[in-house]
Structure formats: C-alpha cells, structure tokens
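Colleague: I'd like to ask some things about the structure below.
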Amino acid sequence: MSAPPRTSKERSQTEPAAVRWLLIAIAVTFLTLFLILPLAAVFSQAFEKGFSVYLAALREADTLSSIKLTLITAIVCVPLNLFFGVCAAWAIAKFSFPGKNLLITLIDLPFSVSPVISGLIYVLIFGLQGWIGPWLQDHDIKIVFAVPGIILATIFVTFPFVARELIPLMEAQGREEEEAALVLGASGLQTFWRVTLPNVKWGIIYGVILCNARAMGEFGAVSVVSGHIRGMTNTVPLHVEILYNEYNYTAAFAVASLLAFLALITLVVKTIAEWKVQQQLEKN
Amino acid sequence: MKLFKRQNNVLPGFGPTLGFTIFYLSLIVLIPLSALVFRTAGLTWGEFISTVTAPRVMASYKVTFGAAIVAASINAVFGVLVAWVLVRYKFPGRKIADALVDLPFALPTAVAGITLATIYSPNGWVGRLLEPLGIKVAFTPLGITLAMTFIGLPFVVRTVQPVVEEIEVELEEAALCLGASRWQTIQRVIFPMLLPSILTGFALAFARAVGEYGSIIFIAGNMPMVSEITPLLIITKLEQFDYRGATAIACVMLLASFLMLLIINLLQKWSRRYAE
C-alpha cells in the first residue's frame with residue numbers, strides 16, 4: 001500500500017527532504033567556515049604552547065595595563081551612552097515633535113561612519129594641527145594620543161547602541177501605563193523608575209551589553225587616536241595588534257582569547273535579552 | 001507661532017531629555033564630523049581633486065569598493081539561504097547557529113583579523129588546503145574579500161530573517177492551489193516578498209565593508225596599488241603628518257557613507273510599503 005497522501009499544508013510549506021537537507025548542509029558549512037572555525041582557531045592558537053605559557057602571557061605587565069585601560073574606557077563610555085540612550089528614547093518615543101525622523105537618523109550616524117574617520121575627526125579637533133590643539137598644548141592638556149582621546153573615540157563608535165534599541169521598544173509600549181501612574185499621583189521620576197524602567201529592563205540590558213562589547217573591542221577608531229604607547233595608551237585590541245606584529249603569536253592569541261570569551265558572553269546575554277524583550281512585547 | 005505646539009500629553013520631562021539628547025549629539029557627533037567638512041573646505045578645489053584622484057588613492061577605491069561588492073554579494077546569496085534554513089527547517093544545533101550569526105558583531109575586529117590571517121595563511125588550517133590548488137587568500141585582495149564577508153555576514157541574515165518569519169503560509173497555499181509548483185511559488189511569490197530586505201541587507205553589508213579596517217589589515221598584505229584599502233590609506237597619510245590628504249580622502253569616504261545611508265533609508269521605506 002502506498003504511503004498516505006501528504007496534506008496540502010505540508011507540501012506547500014516545505015521542500016522535498018533531499019532539497020531540505022542539502023540547503024541545511026550548505027548553510028551549516030558556510031557558518032562553520034566563517035564563524036566556528038575562526039572561533040576555534042583563537043582558542044587553539046592561544047593554548048598551543050600549554051596553559052602555563054597562556055597564563056604567563058596574560059600576566060605580563062603591558063597586558064595587565066592594557067586590560068586596565070580597556071576597563072576604564074568601558075566604565076566611562078557605557079554609562080554615558082546609557083544615560084543618553086534613555087533620555088533620547090524618552091523624548092523620541094513618548095512625545096511627538098517636528099524633525100523626529102531626522103534626529104533618529106543623526107543618532108544612527110556613527111554606525112555608518114568608518115571607524116578610521118571616527119578617530120580622525122578627534123585628531124582634527126584636538127591634535128596639534130587641530131582647531132584647539134595649540135591652546136591645549138599651551139595649557140598642557142593632552143587629549144589625542146592620550147586616554148581622553150581613546151574615551152572620546154569610543155563614545156563616538158558606541159553612541160547609538162542603547163538609543164536605537166530603546167526607541168522602538170518604548171514606542172511599541174505606548175504611553176498608557178505612564179499616564180495611568182501620573183493620574184494616580186506618582187511623580188515623573190517615580191513613574192519612570194516604577195513603570196517605564198521595569199518595562200524596558202531587558203531592552204536596556206541588550207543595548208548595554210552590545211555597547212560594552214564594542215567599547216572593549218573597538219580597534220580602528222582607537223588606533224587613530226591612541227598613539228600606541230606601550231603600557232600607557234594601549235587598549236586590549238591594540239595590544240593584540242602589537243604582539244601579533246612582533247610575531248609573538250601565542251601571546252597575541254592568548255590576549256585575543258579574552259576578547260573572544262567576552263564576545264561569547266555577549267552573545268549569550270544578547271540571546272537571553274532578545275527572548276525576554278519578545279516576551280515583554282507579546283505581553284503588552 | 002510657537003515651534004512646539006502644546007501637546008495633548010501629560011508625561012513630564014520632554015524639555016530636559018530632548019535638550020540633553022541634542023546637546024550630547026552635537027558635542028560627540030555633529031561638531032566633530034563638521035570639523036572634517038570644514039577642514040576639507042580649507043583646500044582649494046584643485047588640491048582636493050588632485051588629492052582624491054591620485055593613482056594610489058584611485059587604486060585603493062577600486063580594491064575597497066570592488067571587494068565590498070563581491071563580499072556583499074556572497075552574503076546576499078548565503079545570507080538568504082541561512083535565514084531561510086534557520087526559520088523554516090528544524091535541525092540539531094539550530095538555536096546555536098542562530099545565536100552565532102551575530103558573532104561578527106560581537107567579536108572585536110582585531111581578533112577577527114589576526115584569526116582569519118592565521119587560518120588562511122599558507123600554513124594555516126584552510127590556507128594549507130588551498131595552497132596546492134594555487135589559491136592564495138592571505139595577503140591578496142581575495143583575503144580582503146574574505147574578511148569583508150565575515151564582518152558583513154549578520155546583516156543580510158538579520159534583515160531577511162524577520163521577513164521570512166512573517167510570510168503567510170496562506171499565500172504559499174494559494175499559489176499551490178492555483179497550480180504553481182514549489183519552485184514557481186518560490187520564484188514568483190516568496191522571492192519578490194524577500195527582495196526589498198535582501199537589497200537592504202546587501203546595502204548594509206556593503207556599507208560596513210567599505211569602512212572596515214581592523215579585520216582587514218592583518219589579512220590584506222597592504223601593498224600600495226594592489227591590496228591597500230582606503231581606510232588604511234587615510235591612516236598612512238595621517239602617520240606621515242599629511243593631514244590635508246587624510247582629511248580629503250576621509251571626506252570622500254564620508255560622502256560615500258552618506259550616499260549609502262540615503263539608499264538604505266529609501267530601501268527600508270520601500271520594504272515597509274511592501275509589507276503593508
């Protein structure tokens with residue numbers, strides 16, 4: 001007896017099994033080649049000469065100081081961009097005003113600018129040949145080729161992350177809940193802390209984790225403004241470059257593995273946050 | 001006339017939040033970016049043109065834009081396939097594959113750069129296999145294309161994926177009932193629905209690839225006229241204290257990104273109209 005006829009639903013929704021598995025195979029091969037292989041290579045190169053060499057590379061003084069600088073950069077940049085993102089999202093999502101779309105486009109601008117240009121613009125302002133460079137030199141203030149320049153360039157490249165995640169989320173949630181809280185006598189700040197914030201909590205976590213990943217990992221923009229002074233103005237990604245160019249591959253990959261590990265944690269938190277945001281939106 | 005009409009809105013805090021938003025945006029983004037335009041305006045038209053059309057600069061545009069188009073095209077083909085497979089089929093490891101697609105966003109570009117250079121160098125994991133075939137990837141324009149494909153990978157997948165999710169099964173069933181084969185349905189019903197998002201993803205991947213620096217320089221070889229990308233040329237000029245040259249070329253790149261941004265916005269508008 002022949003197999004029972006397949007329903008039209010099944011047939012209309014899917015390809016023959018052979019085609020299906022062929023497409024899956026192509027997709028998985030592509031992803032393996034471009035994503036899994038590089039990830040595996042980072043860790044395999046890092047541990048090539050054993051765990052003790054790996055640890056020694058991480059304990060080196062220049063490595064430790066680059067880690068410190070990267071942490072400082074992230075600790076300054078992420079809260080600033082978080083505060084900005086929340087302000088921008090509140091104004092844009094909860095109110096209507098002329099020029100809103102232009103404002104959203106301008107907030108997204110840093111994403112479409114090459115990282116190299118993101119660094120260059122600060123050199124053009126604060127560098128010796130820049131607008132206020134001579135004045136800064138007279139007053140012995142160093143911005144470019146020093147830590148403030150690194151922080152500025154990092155703020156620029158991570159600028160849109162929190163805002164662009166929060167704006168659509170807050171727009172989708174509307175104003176009714178906040179209006180109800182205000183009518184019931186809550187103050188503006190109380191409304192924000194008790195009503196708005198719990199609603200967008202996971203959106204904020206999502207934006208912050210991506211902002212942090214980029215802040216700690218930024219290379220091009222920081223490379224232009226850093227001046228590459230070992231132990232002074234080297235962030236972790238810049239330190240990786242120096243070690244690699246010195247043919248110290250094991251150490252380069254050992255330090256790189258820290259960043260790769262950060263990337264993996266970022267992906268996990270991001271996936272959870274995405275799922276929670278989806279749940280929140282469905283609840284509304 | 002007041003610029004902002006009194007709105008029918010009881011929520012507080014509009015003034016301070018919008019004020020801070022515009023202040024911070026100007027301070028961090030708008031004023032610094034305008035510095036680039038003003039510095040370029042300091043050059044005469046002739047100086048500007050001769051700087052941005054010098055043979056070495058033209059060669060760098062060719063390498064950068066050429067490799068970016070190829071990389072974005074590769075991503076357009078495989079990105080659609082990956083998005084389709086991730087949404088429509090069930091297979092072991094699907095969730096992990098889905099999460100990993102964003103790796104190029106999360107992995108710092110310098111790490112991607114040294115890793116790709118190592119894998120595809122003549123004695124690396126993949127380079128070793130390609131060497132006997134006479135294919136050299138690392139330190140050639142092919143390496144640049146590869147790095148650009150890596151960093152552009154999430155864009156097409158993530159713009160096409162939600163559209164695939166929203167395709168109504170009824171449409172496919174209708175096509176089937178009207179006698180279309182599966183292939184005809186894909187060609188005539190599904191593909192036109194996906195097209196705006198494919199083009200948007202392509203444009204996003206292209207724009208990202210054109211500006212990319214960190215993941216490319218390690219694998220590129222960086223030979224002037226052959227495998228030197230424009231962002232690297234800007235840095236080289238800067239290191240030689242040729243601020244005018246760096247500024248002029250950066251201005252061309254900035255104009256190119258604005259043009260891309262405009263095209264992307266138009267494409268997104270188109271796809272939204274299509275969705276309604």
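Chain labels run A, B, ... following the order of the structure tokens; each chain numbers its residues from 1, and ligands are numbered from 1 in the order shown.
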Residues within 10 Å of Ala153 (chain A), please, as a list in words. Count only C-alpha atoms; anything in the same chain fewer than 5 positions from it doesn't count.

Modeller: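 In the requested form, the answer reads Cys77, Pro115, Val116, Ile117, Ser118, Gly119, Leu120, Ile121, Tyr122, Val123, Val144, Pro148, Thr158, Phe159, Ala215, Glu218, Gly220, Ala221, Val222, Ser223, Val224, Val225 and Ser226 of chain A; Ile28 of chain B.
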
Colleague: Region 51-65 of chain A: which residues within 12 Å, counting only C-alpha atoms, same-chain residues fewer than 4 positions away excluded, as an mmCIF file with C-alpha atoms, in the first residue's frame?

Modeller:
data_model
loop_
_atom_site.group_PDB
_atom_site.id
_atom_site.type_symbol
_atom_site.label_atom_id
_atom_site.label_comp_id
_atom_site.auth_asym_id
_atom_site.auth_seq_id
_atom_site.Cartn_x
_atom_site.Cartn_y
_atom_site.Cartn_z
ATOM 1 C CA PHE A 43 41.418 29.292 21.441
ATOM 2 C CA SER A 44 43.530 26.627 19.770
ATOM 3 C CA GLN A 45 46.290 29.137 18.964
ATOM 4 C CA ALA A 46 46.096 30.622 22.458
ATOM 5 C CA PHE A 47 46.619 27.273 24.181
ATOM 6 C CA LEU A 69 42.771 50.899 30.219
ATOM 7 C CA THR A 70 40.074 48.947 28.372
ATOM 8 C CA LEU A 71 38.073 48.566 31.594
ATOM 9 C CA ILE A 72 38.408 52.294 32.371
ATOM 10 C CA HIS A 228 50.316 53.317 20.639
ATOM 11 C CA ILE A 229 52.396 53.993 23.732
ATOM 12 C CA ARG A 230 53.014 50.611 25.340
ATOM 13 C CA GLY A 231 51.750 50.341 28.883
ATOM 14 C CA MET A 232 50.188 53.820 28.589
ATOM 15 C CA THR A 233 47.696 54.221 25.747
ATOM 16 C CA ASN A 234 47.258 50.645 24.589
ATOM 17 C CA THR A 235 43.840 49.069 24.912
ATOM 18 C CA VAL A 236 43.467 45.283 24.718
ATOM 19 C CA PRO A 237 42.746 45.179 20.947
ATOM 20 C CA LEU A 238 45.727 47.461 20.256
ATOM 21 C CA HIS A 239 47.912 45.263 22.456
ATOM 22 C CA VAL A 240 46.822 42.241 20.404
ATOM 23 C CA GLU A 241 47.979 44.038 17.266
ATOM 24 C CA ILE A 242 51.392 44.877 18.750
ATOM 25 C CA LEU A 243 52.005 41.321 19.950
ATOM 26 C CA ASN A 248 54.560 36.799 19.353
ATOM 27 C CA TYR A 249 51.576 34.798 18.093
ATOM 28 C CA THR A 250 50.874 32.751 21.208
ATOM 29 C CA ALA A 251 50.718 35.834 23.414
ATOM 30 C CA ALA A 252 48.656 37.696 20.774
ATOM 31 C CA PHE A 253 46.095 34.894 20.676
ATOM 32 C CA ALA A 254 46.141 34.496 24.454
ATOM 33 C CA VAL A 255 45.113 38.138 24.848
ATOM 34 C CA ALA A 256 42.717 37.798 21.883
ATOM 35 C CA SER A 257 41.078 34.820 23.599
ATOM 36 C CA LEU A 258 39.981 37.149 26.414
#

Colleague: Nearest to Ala207 (chain B): which of A:Ser187, A:Ser114, A:Thr196, A:Ile205 is it, counting only C-alpha atoms?

Modeller: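 Closest to Ala207 (chain B), using only C-alpha atoms: A:Ser114.
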
Colleague: Rank nothing, just name the residue among A:Phe126, A:Phe161, A:Phe219, A:Trp135 nearest to chain B, using only C-alpha atoms.

Modeller: A:Phe219

Colleague: So, with only C-alpha atoms as the atoms that count, which of B:Glu239, B:Arg182, B:Thr247, B:Leu146 lies closest to Gly227 (chain A)?

Modeller: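 Looking at the shortest contact to Gly227 (chain A), the residue is B:Glu239.
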
Colleague: Using only C-alpha atoms for the distances, tell me which of B:Val37, B:Ala117, B:Val111, B:Leu255 is nearest to chain A.

Modeller: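 Residue with the minimum atom-to-atom distance to chain A: B:Val111.
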
Colleague: Considering only C-alpha atoms, return as a ChimeraX atom specification whatever protein or nucleic-acid residues lie within 10 Å of Lys201 (chain A), sequence-local ones (same chain, fewer than 3 positions apart) excluded.

Modeller: /A:166,196-198,204-206,273,276-277,280

Colleague: Take the residues that were just selected and, keeping C-alpha atoms, output them as an mmCIF file, in the first residue's frame.

Modeller:
data_model
loop_
_atom_site.group_PDB
_atom_site.id
_atom_site.type_symbol
_atom_site.label_atom_id
_atom_site.label_comp_id
_atom_site.auth_asym_id
_atom_site.auth_seq_id
_atom_site.Cartn_x
_atom_site.Cartn_y
_atom_site.Cartn_z
ATOM 1 C CA LEU A 166 15.180 51.533 23.349
ATOM 2 C CA THR A 196 8.879 52.588 32.433
ATOM 3 C CA LEU A 197 12.114 51.029 33.640
ATOM 4 C CA PRO A 198 10.712 47.573 34.503
ATOM 5 C CA ILE A 204 18.442 48.276 28.279
ATOM 6 C CA ILE A 205 20.458 45.157 29.103
ATOM 7 C CA TYR A 206 20.546 44.298 25.400
ATOM 8 C CA ALA A 273 17.708 39.628 26.419
ATOM 9 C CA LYS A 276 12.852 38.477 27.203
ATOM 10 C CA VAL A 277 12.107 41.582 25.104
ATOM 11 C CA GLN A 280 7.531 41.583 27.133
#

Colleague: What's around region 217-234 of chain B at 6 Å? Count only C-alpha atoms, leave out sequence neighbours fewer than 6 positions away in its own chain, and write the answer as a PyMOL selection string.

Modeller: chain B and resi 56+59-60+64+113-114+117+138-141+143-144+246

Colleague: Using only C-alpha atoms, which residue out of B:Leu100, B:Leu133, B:Ala205, B:Leu199 lies closest to chain A?

Modeller: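 Among the listed residues, B:Leu100 lies closest to chain A.
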
Colleague: Show me, as a list of chain:residue names, the residues that have an atom within 12 Å of Leu182 (chain A) when counting only C-alpha atoms, minus same-chain residues fewer than 2 positions from it.

Modeller: A:Arg175, A:Glu176, A:Glu177, A:Glu178, A:Glu179, A:Ala180, A:Leu184, A:Gly185, A:Ala186, A:Ser187, A:Gly188, A:Leu189, A:Gln190, A:Thr191, A:Phe192, A:Arg194, A:Val195, A:Thr196, B:Asn9, B:Val10, B:Leu11, B:Pro12
